[in-house]
Each structure stands twice: as C-alpha cells, then as structure tokens.
Amino acid sequence: QFGEMSCVDWGGMAKIEIVSHWGILFVFPLQIHPDLSELYDTINSLSTLEPNFEGKVKVKSWLDRLGVMSASDELTDDQVRQMLFDLEGAYNAFMKALSQS
C-alpha cells in the first residue's frame, strides 16, 4: 500500500508527483520527464525571463540528467531531495521575477 503523495505545482504549469512507500521516495524519470519538459517549455517561452534565468538553468539541468537515464531507473532519495530543493529555488526565483515585471 502506498503512503502519502505530494506534488510540486507551478500554478498549474507542471506537476511532479512523488510517492512515498514505507518512508522511501520512489521517483521514476519516465514519470517526471514529460512534466518537467512542459515546465521548461513554458518558462522558456516567457520573453520577460533572461536566458540565464535561474529557474530555466535548474529545470534544464534536471531535464538533461533525466534524459540520460533509462525508463526503469529510479532517482535516489538524495537526488529527489536535491531536485525538490532546486525546483523550489527555481519557483521562488520565478515568483520574484513575476513580481518585478
């Protein structure tokens, strides 16, 4: 039986679901890549954001990492924590950029 489910949601732009099973996080690149790709395409299309905008760089970095993994690979707990930390930072930078425009 699966435990709690949490997600990161950028105002409906993309959702990344992480399922907790007996206290262990399981995240499969195959599940995350499409949503992360959609998120990257969306923020990349915003002309108000600089090309080197922190959010673009972080999301692209994770897209690149996931792109070289096989569909059956799982992210480690540390990778999941780092990805969530990076996406939270990207989200905060995005919200800051929106408030300044």
# chains A, B, ... in the order shown; residues from 1 in each chain; ligands from 1

call {"tool": "residues_around", "arguments": {"residues": "segment 52-61 of chain A", "least_positions_apart": "3", "cutoff": "10 Å", "atoms": "only C-alpha atoms", "output": "PyMOL selection string"}}
result
chain A and resi 36-37+39-44+48-49+64-67+83+86-94+97

call {"tool": "write_last_selection", "arguments": {"atoms": "N, CA, C and O atoms", "output": "compact mmCIF listing (two decimals), in the first residue's frame"}}
result
# COMPACT_ATOMS: atom_id res chain seq x y z
N LEU A 36 8.34 17.90 -16.44
CA LEU A 36 9.48 18.80 -16.34
C LEU A 36 9.76 19.45 -17.70
O LEU A 36 10.10 20.64 -17.77
N SER A 37 9.59 18.70 -18.76
CA SER A 37 9.77 19.23 -20.11
C SER A 37 8.73 20.31 -20.40
O SER A 37 9.04 21.37 -20.96
N LEU A 39 7.20 22.13 -18.16
CA LEU A 39 7.58 23.28 -17.32
C LEU A 39 8.68 24.08 -17.99
O LEU A 39 8.61 25.31 -18.07
N TYR A 40 9.70 23.40 -18.48
CA TYR A 40 10.82 24.09 -19.14
C TYR A 40 10.33 24.84 -20.38
O TYR A 40 10.70 26.01 -20.59
N ASP A 41 9.52 24.20 -21.19
CA ASP A 41 8.99 24.86 -22.39
C ASP A 41 8.21 26.11 -22.03
O ASP A 41 8.30 27.14 -22.70
N THR A 42 7.43 26.02 -20.96
CA THR A 42 6.61 27.16 -20.53
C THR A 42 7.47 28.32 -20.06
O THR A 42 7.29 29.45 -20.52
N ILE A 43 8.42 28.06 -19.16
CA ILE A 43 9.24 29.18 -18.67
C ILE A 43 10.19 29.67 -19.75
O ILE A 43 10.54 30.84 -19.76
N ASN A 44 10.58 28.80 -20.65
CA ASN A 44 11.47 29.21 -21.73
C ASN A 44 10.74 30.12 -22.73
O ASN A 44 11.36 30.93 -23.41
N THR A 48 9.97 37.63 -20.85
CA THR A 48 10.39 38.52 -19.76
C THR A 48 11.52 37.93 -18.93
O THR A 48 12.16 38.65 -18.16
N LEU A 49 11.78 36.64 -19.09
CA LEU A 49 12.84 36.00 -18.32
C LEU A 49 14.14 35.98 -19.12
O LEU A 49 14.13 35.68 -20.31
N ASP A 64 18.24 17.37 -18.45
CA ASP A 64 19.42 16.72 -19.01
C ASP A 64 19.77 15.46 -18.22
O ASP A 64 20.10 14.42 -18.81
N ARG A 65 19.71 15.53 -16.89
CA ARG A 65 20.02 14.36 -16.06
C ARG A 65 19.04 13.23 -16.32
O ARG A 65 19.43 12.07 -16.46
N LEU A 66 17.76 13.58 -16.35
CA LEU A 66 16.73 12.56 -16.57
C LEU A 66 16.79 11.98 -17.98
O LEU A 66 16.48 10.82 -18.20
N GLY A 67 17.22 12.81 -18.92
CA GLY A 67 17.27 12.38 -20.32
C GLY A 67 18.26 11.27 -20.59
O GLY A 67 18.09 10.52 -21.56
N MET A 83 16.47 17.57 -6.21
CA MET A 83 15.58 18.05 -7.26
C MET A 83 14.49 18.95 -6.67
O MET A 83 14.21 20.03 -7.20
N ASP A 86 16.04 22.24 -5.71
CA ASP A 86 16.31 23.04 -6.91
C ASP A 86 15.03 23.61 -7.51
O ASP A 86 14.99 24.77 -7.92
N LEU A 87 13.98 22.80 -7.57
CA LEU A 87 12.72 23.27 -8.13
C LEU A 87 12.06 24.31 -7.23
O LEU A 87 11.44 25.25 -7.72
N GLU A 88 12.21 24.15 -5.94
CA GLU A 88 11.69 25.16 -5.01
C GLU A 88 12.42 26.48 -5.20
O GLU A 88 11.81 27.55 -5.25
N GLY A 89 13.75 26.41 -5.36
CA GLY A 89 14.53 27.62 -5.63
C GLY A 89 14.15 28.25 -6.95
O GLY A 89 14.05 29.48 -7.07
N ALA A 90 13.93 27.42 -7.96
CA ALA A 90 13.52 27.92 -9.27
C ALA A 90 12.15 28.57 -9.19
O ALA A 90 11.91 29.63 -9.78
N TYR A 91 11.25 27.95 -8.44
CA TYR A 91 9.91 28.51 -8.27
C TYR A 91 9.98 29.87 -7.57
O TYR A 91 9.33 30.82 -7.98
N ASN A 92 10.78 29.95 -6.51
CA ASN A 92 10.92 31.22 -5.79
C ASN A 92 11.49 32.30 -6.68
O ASN A 92 11.05 33.46 -6.64
N ALA A 93 12.48 31.95 -7.49
CA ALA A 93 13.07 32.92 -8.42
C ALA A 93 12.04 33.35 -9.46
O ALA A 93 11.98 34.51 -9.84
N PHE A 94 11.22 32.41 -9.91
CA PHE A 94 10.17 32.70 -10.88
C PHE A 94 9.15 33.67 -10.29
O PHE A 94 8.77 34.66 -10.93
N ALA A 97 10.65 37.09 -10.05
CA ALA A 97 10.71 37.72 -11.38
C ALA A 97 9.34 38.23 -11.79
O ALA A 97 9.23 39.31 -12.39

call {"tool": "atom_distance", "arguments": {"atom1": "atom CA of Glu74 of chain A", "atom2": "atom CA of Trp62 of chain A"}}
result
13.7 Å

call {"tool": "atom_distance", "arguments": {"atom1": "atom CA of Met69 of chain A", "atom2": "atom CA of Gln82 of chain A"}}
result
16.6 Å

call {"tool": "atom_distance", "arguments": {"atom1": "atom CA of Val68 of chain A", "atom2": "atom CA of Asp35 of chain A"}}
result
16.3 Å
